[in-house]
Amino acid sequence: MSSRRVLKGAFYLLCIAAVIAALIYSPLFTFQQLVVRGNVHLDEAELCEIARIQYGQRLFELKTDVMTTNLLHDLRIESAVVRRQLPNKIEMDIVERIPVATVACDYGYLDFDRQGKVIASYRSLKGADIPIITGVKLRDLYIGDDNNNARVGKVIMFLAKIDPADIGQISEVNITVPTAVVAYTKTALPIRLGDLERIPEKAGLTQDFLQDQKTTRHTVEFVDFSYDAPFIKLADKTTTEGK
């Protein structure tokens, strides 16, 4: 009697295994759709190539950890989360690296992302889409390397907190004097930042100022965020604003 139960149990297990195998290898559970969120420059075809996946592969053979690792090996991707979604979908949440600053180096110029990683290099200065950090020249840094200059690092931290839609309004951040760092807008308006302490506060003030410049009718000579109380010098008068 016990042997019959064993055989019966084994038969049921085989049946269940056969059903599971049939489902896994069924065309129903093959990769047919990619849903991507957060991508800006990379399209679906490029992301499939980077993740090393192809439409038509069996969904359960695609390992999310392997796909994530493949994506993060691409310098253009800052972070990635990959999920399988039954019956035939792969979902990706992508954060692309965003250049926030250009710095001169011993062989040309480097672009840094908000994490301080070199994501591009070139011999001649390109268009002014992002601020250039002046007053310093870096050496022995190449694509994929991390910034190793403390002053540049603080400026990158500052710029990383500015909205990407507004960062293009800043043309330069001069760090020649570490205690008197000055940012300049594209209209050459000075934003005095001082010693780059209280970075989140000064970045917030700068962000608000850049937004205000889009609608204000006043002509500003300079702003000074190096003190606790923001200081704005208008063309015809001086005002002090509280935090």
# chains A, B, ... in the order shown; residues from 1 in each chain; ligands from 1
$ select_by_dssp --residues "range 28-89 of chain A" --states "strand (DSSP E)" --output "list in words"
Gln33, Leu34, Val35, Val36, Arg37, Ile77, Glu78, Ser79, Ala80, Val81, Val82, Arg83, Arg84, Gln85 and Lys89 of chain A
$ closest_residue --among "A:Val152, A:Ile170, A:Ala188, A:Ile90" --to "Gln57 in chain A" --atoms "only C-alpha atoms"
A:Ile90
$ atom_distance --atom1 "CA of Gln33 in chain A" --atom2 "CA of Asp74 in chain A"
21.9 Å
$ select_by_dssp --residues "range 75-213 of chain A" --states "helix (DSSP H, G or I)" --output "PyMOL selection string"
chain A and resi 150-160+167-169+199-213
$ write_last_selection --atoms "N, CA and C atoms" --output "short mmCIF file (atom, residue, chain, number, x, y, z; two decimals), in the first residue's frame"
data_model
loop_
_atom_site.label_atom_id
_atom_site.label_comp_id
_atom_site.auth_asym_id
_atom_site.auth_seq_id
_atom_site.Cartn_x
_atom_site.Cartn_y
_atom_site.Cartn_z
N ALA A 150 39.33 68.15 -4.45
CA ALA A 150 38.34 68.50 -3.43
C ALA A 150 37.52 69.72 -3.82
N ARG A 151 38.17 70.75 -4.37
CA ARG A 151 37.44 71.96 -4.74
C ARG A 151 36.46 71.69 -5.87
N VAL A 152 36.93 70.95 -6.88
CA VAL A 152 36.04 70.58 -7.98
C VAL A 152 34.88 69.74 -7.46
N GLY A 153 35.17 68.85 -6.52
CA GLY A 153 34.13 68.01 -5.95
C GLY A 153 33.02 68.81 -5.30
N LYS A 154 33.38 69.88 -4.58
CA LYS A 154 32.37 70.71 -3.94
C LYS A 154 31.51 71.45 -4.96
N VAL A 155 32.15 71.91 -6.04
CA VAL A 155 31.38 72.60 -7.09
C VAL A 155 30.42 71.61 -7.76
N ILE A 156 30.88 70.40 -8.00
CA ILE A 156 30.01 69.39 -8.61
C ILE A 156 28.83 69.10 -7.68
N MET A 157 29.08 69.00 -6.37
CA MET A 157 27.99 68.81 -5.42
C MET A 157 26.98 69.95 -5.50
N PHE A 158 27.49 71.17 -5.62
CA PHE A 158 26.63 72.35 -5.74
C PHE A 158 25.80 72.29 -7.03
N LEU A 159 26.45 72.02 -8.15
CA LEU A 159 25.75 72.00 -9.44
C LEU A 159 24.77 70.85 -9.54
N ALA A 160 25.08 69.74 -8.87
CA ALA A 160 24.19 68.58 -8.92
C ALA A 160 22.84 68.87 -8.28
N ILE A 167 20.37 74.45 -15.13
CA ILE A 167 21.83 74.49 -14.97
C ILE A 167 22.51 75.16 -16.16
N GLY A 168 21.87 75.14 -17.33
CA GLY A 168 22.44 75.77 -18.51
C GLY A 168 22.50 77.28 -18.41
N GLN A 169 21.78 77.86 -17.42
CA GLN A 169 21.85 79.31 -17.22
C GLN A 169 23.17 79.73 -16.60
N ILE A 199 26.45 74.03 1.20
CA ILE A 199 26.17 73.82 -0.22
C ILE A 199 24.67 73.66 -0.51
N PRO A 200 23.92 72.83 0.21
CA PRO A 200 22.49 72.70 -0.11
C PRO A 200 21.75 74.04 -0.03
N GLU A 201 22.07 74.85 0.99
CA GLU A 201 21.42 76.14 1.15
C GLU A 201 21.75 77.06 -0.02
N LYS A 202 23.02 77.14 -0.38
CA LYS A 202 23.42 78.04 -1.47
C LYS A 202 22.89 77.56 -2.81
N ALA A 203 22.82 76.26 -2.99
CA ALA A 203 22.25 75.72 -4.23
C ALA A 203 20.77 76.07 -4.32
N GLY A 204 20.06 75.97 -3.20
CA GLY A 204 18.65 76.33 -3.20
C GLY A 204 18.43 77.80 -3.51
N LEU A 205 19.26 78.67 -2.93
CA LEU A 205 19.17 80.10 -3.22
C LEU A 205 19.46 80.39 -4.69
N THR A 206 20.47 79.72 -5.21
CA THR A 206 20.82 79.90 -6.62
C THR A 206 19.70 79.42 -7.53
N GLN A 207 19.12 78.27 -7.19
CA GLN A 207 18.00 77.75 -7.97
C GLN A 207 16.84 78.74 -8.01
N ASP A 208 16.49 79.28 -6.84
CA ASP A 208 15.40 80.26 -6.78
C ASP A 208 15.74 81.50 -7.59
N PHE A 209 16.99 81.94 -7.49
CA PHE A 209 17.40 83.15 -8.22
C PHE A 209 17.31 82.92 -9.73
N LEU A 210 17.76 81.76 -10.20
CA LEU A 210 17.70 81.47 -11.63
C LEU A 210 16.26 81.44 -12.12
N GLN A 211 15.38 80.91 -11.30
CA GLN A 211 13.96 80.89 -11.66
C GLN A 211 13.41 82.31 -11.74
N ASP A 212 13.77 83.14 -10.74
CA ASP A 212 13.28 84.52 -10.71
C ASP A 212 13.76 85.31 -11.91
N GLN A 213 14.97 85.01 -12.38
CA GLN A 213 15.53 85.76 -13.50
C GLN A 213 14.73 85.57 -14.80
#
$ atom_distance --atom1 "CA of Gly38 in chain A" --atom2 "CA of Asp93 in chain A"
6.0 Å
$ residues_around --residues "Ala180 in chain A" --least-positions-apart "2" --cutoff "6 Å" --atoms "only C-alpha atoms" --output "PyMOL selection string"
chain A and resi 177-178+194-195
$ write_last_selection --atoms "all heavy atoms" --output "compact mmCIF listing (two decimals), in the first residue's frame"
# COMPACT_ATOMS: atom_id res chain seq x y z
N VAL A 177 40.02 81.49 -6.19
CA VAL A 177 40.16 81.79 -4.76
C VAL A 177 39.17 80.89 -4.02
O VAL A 177 37.96 81.09 -4.11
CB VAL A 177 39.87 83.27 -4.46
CG1 VAL A 177 40.05 83.56 -2.97
CG2 VAL A 177 40.76 84.17 -5.30
N PRO A 178 39.65 79.90 -3.28
CA PRO A 178 38.75 78.92 -2.65
C PRO A 178 37.73 79.53 -1.70
O PRO A 178 36.65 78.97 -1.52
CB PRO A 178 39.71 77.99 -1.89
CG PRO A 178 41.02 78.13 -2.60
CD PRO A 178 41.07 79.56 -3.06
N GLY A 194 31.17 82.40 -2.06
CA GLY A 194 32.06 82.33 -0.90
C GLY A 194 32.87 81.05 -0.88
O GLY A 194 33.46 80.65 -1.89
N ASP A 195 32.88 80.37 0.26
CA ASP A 195 33.78 79.23 0.45
C ASP A 195 33.14 77.88 0.14
O ASP A 195 33.71 76.83 0.43
CB ASP A 195 34.32 79.22 1.88
CG ASP A 195 33.19 79.19 2.92
OD1 ASP A 195 32.02 78.99 2.53
OD2 ASP A 195 33.48 79.35 4.11
$ closest_residue --among "A:Gln115, A:Gln54, A:Ser121, A:Asn88" --to "Asp140 in chain A" --atoms "only C-alpha atoms"
A:Ser121
